[in-house]
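Undergrad: Below is one structure. I have some questions about it.
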Amino acid sequence: MRLDVVTIFPEYLEPLNVSLVGKARARGQLDVRVHDLRDWTYDRHNTVDDTPYGGGPGMVMKTEPWGAALDDALADGYEHGAHGPVLVVPTPSGRPFTQELAVELSERPWLVFTPARYEGIDRRVVDEYATRMPVYEVSIGDYVLAGGEAAVLVITEAVARLLPGVLGNAESHRDDSFAPGAMAGLLEGPVYTKPPEWRDRGIPEVLLSGHHGKIARWRRDEALRRTTANRPDLIERCDPAVFDKKDREMLSILGWRPGADGRFGRNPEAVEE
Ligand code: JBK
C-alpha cells in the first residue's frame, strides 16, 4: 500500500517511523511519502491560508498550494506504478471513522491524506479531486483538534495493522473488539497476568479454575457489564439474536429489558453493578 500525506507539519508524522507502521515500512509493506505543503508555495512568506469569503473567524487553506502538491504527489505515485488512489480528508464534518471503514480503506492500494490546519481547506480542492478519485471525508471523533495530522496517525495505524502480513500470528483480527463476531459488538472485559497477587490484590478465582466454560461465561458477563457502563448504545444497537439465555439473565441484572422489537432498552431505575 502507498500512503501520501500532505501537511504543513511533516514532523508531526514522525510516529509513522515507529512500532507497527514503522516496521511495515521497513519490510516494504507500506510506502509512506510525507510532503511539506509549503514546498508548493511561491510567495516570500510561504502563505498557505487566507481570510474566509463571507467573513467569520479563522483562516481557510488556499487552493493553489494544495492543487500543486496533490498533482505532484499523484503524478509521482503513478510514475512509481501506484494505481487506484483515494483521497482521505480528516475533518470534524466527515463520516465517523469506524473499524468497518478501516477495513474498506485497507483494501485500497493507495491513500492520499490531506490533514488541514485552521478552519479547513477551500472546498474547491475536494470538489476538484472528487472528479478524479473517490473522496472520503472522515472524522475520528466529536472533539476539536488543532489540525488533521493526529487523525492521519489514527487512521493509518488502524488501516496498516489490517494489511496482509503486518500483524503477527499472535494477535489476530478475529479478537478485535469491533471486528464483526468478536464479542458480537461488546467491549472486552478486564484482563490479568502474573503475579497472582499484587499489593494485596488477587485475580478473579475463576481465571485460575481451568474451567474453560466458566471462564468464557465470566468474560461474557464482564463484557456485558463494561459495555453497559461505557457504551450502552452498543447494546441498544445489538441484534438481540446474539444474546443467549445467560446473557439475558446478566442483562436483566444490569437493568436491561427487551422491548416490543426484541431489542434491549434500559430501565432508568437500574443501578450499576
Ligand atoms: C477533528 O478527524 N477529525 O475528527 C478532526 C480532523 C481535524 C480537526 C478536528 O477538530 N475532530
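Chain labels run A, B, ... following the order of the C-alpha cells; each chain numbers its residues from 1, and ligands are numbered from 1 in the order shown.
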Show me, as a short mmCIF file (atom, residue, chain, number, x, y, z; two decimals) with all heavy atoms, in the first residue's frame, the residues that have an atom within 6 Å of segment 23-32 of chain A when counting only C-alpha atoms, minus same-chain residues fewer than 5 positions from it.

TA:
data_model
loop_
_atom_site.label_atom_id
_atom_site.label_comp_id
_atom_site.auth_asym_id
_atom_site.auth_seq_id
_atom_site.Cartn_x
_atom_site.Cartn_y
_atom_site.Cartn_z
N MET A 1 0.84 -1.19 0.00
CA MET A 1 0.00 0.00 0.00
C MET A 1 0.88 1.25 0.00
O MET A 1 1.88 1.30 0.69
CB MET A 1 -0.92 0.00 1.23
CG MET A 1 -1.71 1.28 1.41
SD MET A 1 -2.74 1.28 2.90
CE MET A 1 -4.23 0.55 2.27
N ARG A 2 0.48 2.24 -0.80
CA ARG A 2 1.18 3.53 -0.78
C ARG A 2 0.33 4.56 -0.01
O ARG A 2 -0.90 4.59 -0.17
CB ARG A 2 1.43 4.02 -2.21
CG ARG A 2 2.00 5.44 -2.24
CD ARG A 2 2.59 5.82 -3.57
NE ARG A 2 2.82 7.27 -3.63
CZ ARG A 2 3.87 7.86 -4.19
NH1 ARG A 2 4.81 7.13 -4.75
NH2 ARG A 2 3.97 9.18 -4.21
N LEU A 3 1.01 5.35 0.83
CA LEU A 3 0.35 6.44 1.55
C LEU A 3 1.08 7.74 1.24
O LEU A 3 2.30 7.80 1.34
CB LEU A 3 0.43 6.24 3.07
CG LEU A 3 -0.16 4.99 3.72
CD1 LEU A 3 0.01 5.08 5.23
CD2 LEU A 3 -1.63 4.87 3.36
N ASP A 4 0.33 8.76 0.85
CA ASP A 4 0.88 10.11 0.73
C ASP A 4 0.20 10.98 1.78
O ASP A 4 -1.01 10.88 1.98
CB ASP A 4 0.62 10.69 -0.66
CG ASP A 4 1.53 10.06 -1.71
OD1 ASP A 4 1.14 9.00 -2.25
OD2 ASP A 4 2.61 10.63 -1.99
#

Undergrad: Give me, as a PyMOL selection string, all polymer residues having an atom no more than 10 Å from Arg124 of chain A, counting only C-alpha atoms and skipping those fewer than 5 positions away in the same chain.

TA: chain A and resi 62-63+67+129-130

Undergrad: Residues within 9 Å of segment 109-116 of chain A, please, as a VMD selection string. Count only C-alpha atoms; anything in the same chain fewer than 6 positions from it doesn't count.

TA: chain A and resid 1 to 8 61 66 70 73 to 74 77 82 to 91 146 to 152

Undergrad: Just list the residues in segment 34-252 of chain A DSSP gives strand (DSSP E) on the backbone, as a VMD selection string.

TA: chain A and resid 34 to 36 49 to 50 60 to 61 85 to 96 110 to 113 135 to 139

Undergrad: Give me, as a list in words, the residues of segment 125-185 of chain A that a backbone DSSP run labels alpha helix (DSSP H).

TA: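 Those residues are Val125, Val126, Asp127, Glu128, Tyr129, Ala130, Glu149, Ala150, Ala151, Val152, Leu153, Val154, Ile155, Thr156, Glu157, Ala158, Val159 and Ala160 of chain A.
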
Undergrad: For atom CA of Met59 of chain A and atom CA of Tyr118 of chain A, determine how far apart the two atoms are, in Å to one decimal place.

TA: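 These atoms are spaced 5.6 Å apart.
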
Undergrad: Do a neighbour search on Gly262 of chain A at 9 Å with only C-alpha atoms, toss out local chain neighbours closer than 4 positions, and write the hits as a ChimeraX atom specification.

TA: /A:239-241,257-258

Undergrad: So, with only C-alpha atoms as the atoms that count, which of A:Asp261, A:Lys194, A:Trp40, A:Thr156 lies closest to Pro15 of chain A?

TA: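 Between A:Asp261, A:Lys194, A:Trp40, A:Thr156, the residue approaching Pro15 of chain A most closely is A:Thr156.
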
Undergrad: Hey, what's within 7 Å of segment 96-100 of chain A if we count only C-alpha atoms and toss same-chain stuff fewer than 3 positions away? As a PyMOL selection string, please?

TA: chain A and resi 103-104+138-141+178-179
